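Visitor: Below are the structure tokens for one structure; questions will follow.
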Amino acid sequence: MYKKMLIPTDGSDFSRTAALAGVEFARQLKAEIIGVFVAPEFPYPIYVDVLPVTYMSDPDYQQSMQRAGESYLKHVQDAAHAAGLTFNSKVVFSDLTAKAIVHTAEETHCDLIFMGSHGRSGWGQLLLGSVTAKVLSSCEIPVLVHRIKKNTN
């Protein structure tokens with residue numbers, strides 16, 4: 001069936017829950033997992049000539065986001081390895097998160113994208129998170145959306 005799955009995460013609790021469900025699904029299929037974190041591009045200031053002393057440089061920002069992405073993906077990696085699955089990960093820089101997810105899936109030859117119905121935006125969206133909706137509308141690869149149940153406690 002599916003041999004290679006892309007599992008995106010944004011580090012939120014919703015996304016982590018979906019990613020772990022994706023690992024369990026991959027375990028049942030014995031599929032390889034590619035984890036991806038899409039970091040926003042470096043936010044260049046409007047007035048470059050008058051940078052505050054504490055403003056982070058582009059290389060510092062890249063390193064910081066790389067570390068953050070790796071820490072978010074580590075949870076997925078640990079679960080994948082515990083399930084005996086092959087896992088690789090990527091941290092991608094883009095302000096177009098959905099497009100970067102689709103591109104990464106295509107570039108790594110994934111045959112399924114497994115993602116949560118919501119991420120950082122949480123329950124602010126009525127039906128689906130905006131990134132999930134954009135991936136669904138722009139992707140030719142099958143997308144399995146894991147509906148995250150709202151805790152009613």
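Following the order of the structure tokens, first chain is A, next is B, and so on, with residues numbered from 1 inside each chain and ligands from 1 in the order they appear.
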Name all residues at most 12 Å from segment 65-77 of chain A (count only C-alpha atoms; drop same-chain ones fewer than 4 positions away) and give them as a PyMOL selection string.

Guide: chain A and resi 6-13+15-24+26+32-42+56+58-61+81-94

Visitor: If you run DSSP on the backbone, which residues of chain A are alpha helix (DSSP H), as number ranges by chain?

Guide: A: 13-29, 58-82, 97-107, 130-138

Visitor: Between segment 8-119 of chain A and segment 132-151 of chain A, at 10 Å or less, what are the per-residue closest atom pairs and their distances in Å? Count only C-alpha atoms, order by chain and rising residue number, and return it as CSV.

Guide:
```
residue,atom,partner,partner_atom,distance
A:Phe14,CA,A:Ile148,CA,7.0
A:Ser15,CA,A:Ile148,CA,9.0
A:Thr17,CA,A:Ile148,CA,7.7
A:Ala18,CA,A:His146,CA,6.0
A:Ala19,CA,A:His146,CA,8.9
A:Ala21,CA,A:His146,CA,7.6
A:Gly22,CA,A:His146,CA,8.0
A:Leu96,CA,A:Lys134,CA,9.9
A:Thr97,CA,A:Val135,CA,8.8
A:Ala98,CA,A:Val135,CA,5.1
A:Lys99,CA,A:Val135,CA,7.0
A:Ala100,CA,A:Val135,CA,9.3
A:Ile101,CA,A:Val135,CA,7.4
A:Val102,CA,A:Cys139,CA,6.2
A:His103,CA,A:Cys139,CA,9.0
A:Ala105,CA,A:Ile141,CA,8.0
A:Glu106,CA,A:Ile141,CA,7.9
A:His109,CA,A:Ile141,CA,9.6
A:Cys110,CA,A:Ile141,CA,7.9
A:Asp111,CA,A:Ile141,CA,6.1
A:Leu112,CA,A:Pro142,CA,5.1
A:Ile113,CA,A:Val143,CA,4.7
A:Phe114,CA,A:Leu144,CA,4.8
A:Met115,CA,A:Val145,CA,5.2
A:Gly116,CA,A:His146,CA,4.7
A:Ser117,CA,A:Arg147,CA,5.1
A:His118,CA,A:Thr132,CA,7.1
A:Gly119,CA,A:Thr132,CA,8.5
```

Visitor: Identify, with DSSP run on backbone atoms, the residues in chain A assigned to strand (DSSP E or B), and express the list as a list in words.

Guide: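 Selecting the strand (DSSP E or B) positions of chain A gives Lys4, Met5, Leu6, Ile7, Pro8, Glu32, Ile33, Ile34, Gly35, Val36, Phe37, Val38, Ala39, Phe87, Asn88, Ser89, Lys90, Val91, Val92, Phe93, Leu112, Ile113, Phe114, Met115, Gly116, Val143, Leu144, Val145 and His146 of chain A.
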
Visitor: Any chance you can output those residues with C-alpha atoms as a PDB file, in the first residue's frame?

Guide:
```
ATOM      1  CA  LYS A   4       6.899   6.124   2.400  1.00  0.00           C
ATOM      2  CA  MET A   5       4.957   8.666   4.450  1.00  0.00           C
ATOM      3  CA  LEU A   6       5.604  12.340   5.055  1.00  0.00           C
ATOM      4  CA  ILE A   7       4.633  13.494   8.532  1.00  0.00           C
ATOM      5  CA  PRO A   8       4.826  17.275   9.037  1.00  0.00           C
ATOM      6  CA  GLU A  32       9.333   4.542   5.993  1.00  0.00           C
ATOM      7  CA  ILE A  33       8.743   7.962   7.584  1.00  0.00           C
ATOM      8  CA  ILE A  34      10.010  11.347   6.483  1.00  0.00           C
ATOM      9  CA  GLY A  35       9.421  13.999   9.140  1.00  0.00           C
ATOM     10  CA  VAL A  36       9.367  17.658   8.161  1.00  0.00           C
ATOM     11  CA  PHE A  37       9.279  20.934  10.038  1.00  0.00           C
ATOM     12  CA  VAL A  38       8.688  24.074   7.979  1.00  0.00           C
ATOM     13  CA  ALA A  39      10.270  27.130   9.593  1.00  0.00           C
ATOM     14  CA  PHE A  87      13.045   7.661   9.809  1.00  0.00           C
ATOM     15  CA  ASN A  88      14.615  10.663   8.098  1.00  0.00           C
ATOM     16  CA  SER A  89      13.851  14.304   8.723  1.00  0.00           C
ATOM     17  CA  LYS A  90      14.151  17.702   7.120  1.00  0.00           C
ATOM     18  CA  VAL A  91      13.894  21.257   8.356  1.00  0.00           C
ATOM     19  CA  VAL A  92      12.737  23.463   5.489  1.00  0.00           C
ATOM     20  CA  PHE A  93      12.623  27.272   5.429  1.00  0.00           C
ATOM     21  CA  LEU A 112       1.230   9.611   1.461  1.00  0.00           C
ATOM     22  CA  ILE A 113       1.127  12.732   3.613  1.00  0.00           C
ATOM     23  CA  PHE A 114      -0.214  12.089   7.123  1.00  0.00           C
ATOM     24  CA  MET A 115      -1.066  15.285   8.976  1.00  0.00           C
ATOM     25  CA  GLY A 116      -3.294  16.620  11.693  1.00  0.00           C
ATOM     26  CA  VAL A 143      -3.309  13.088   2.190  1.00  0.00           C
ATOM     27  CA  LEU A 144      -4.637  11.367   5.293  1.00  0.00           C
ATOM     28  CA  VAL A 145      -5.960  13.923   7.768  1.00  0.00           C
ATOM     29  CA  HIS A 146      -5.958  12.804  11.378  1.00  0.00           C
TER      30      HIS A 146
END
```
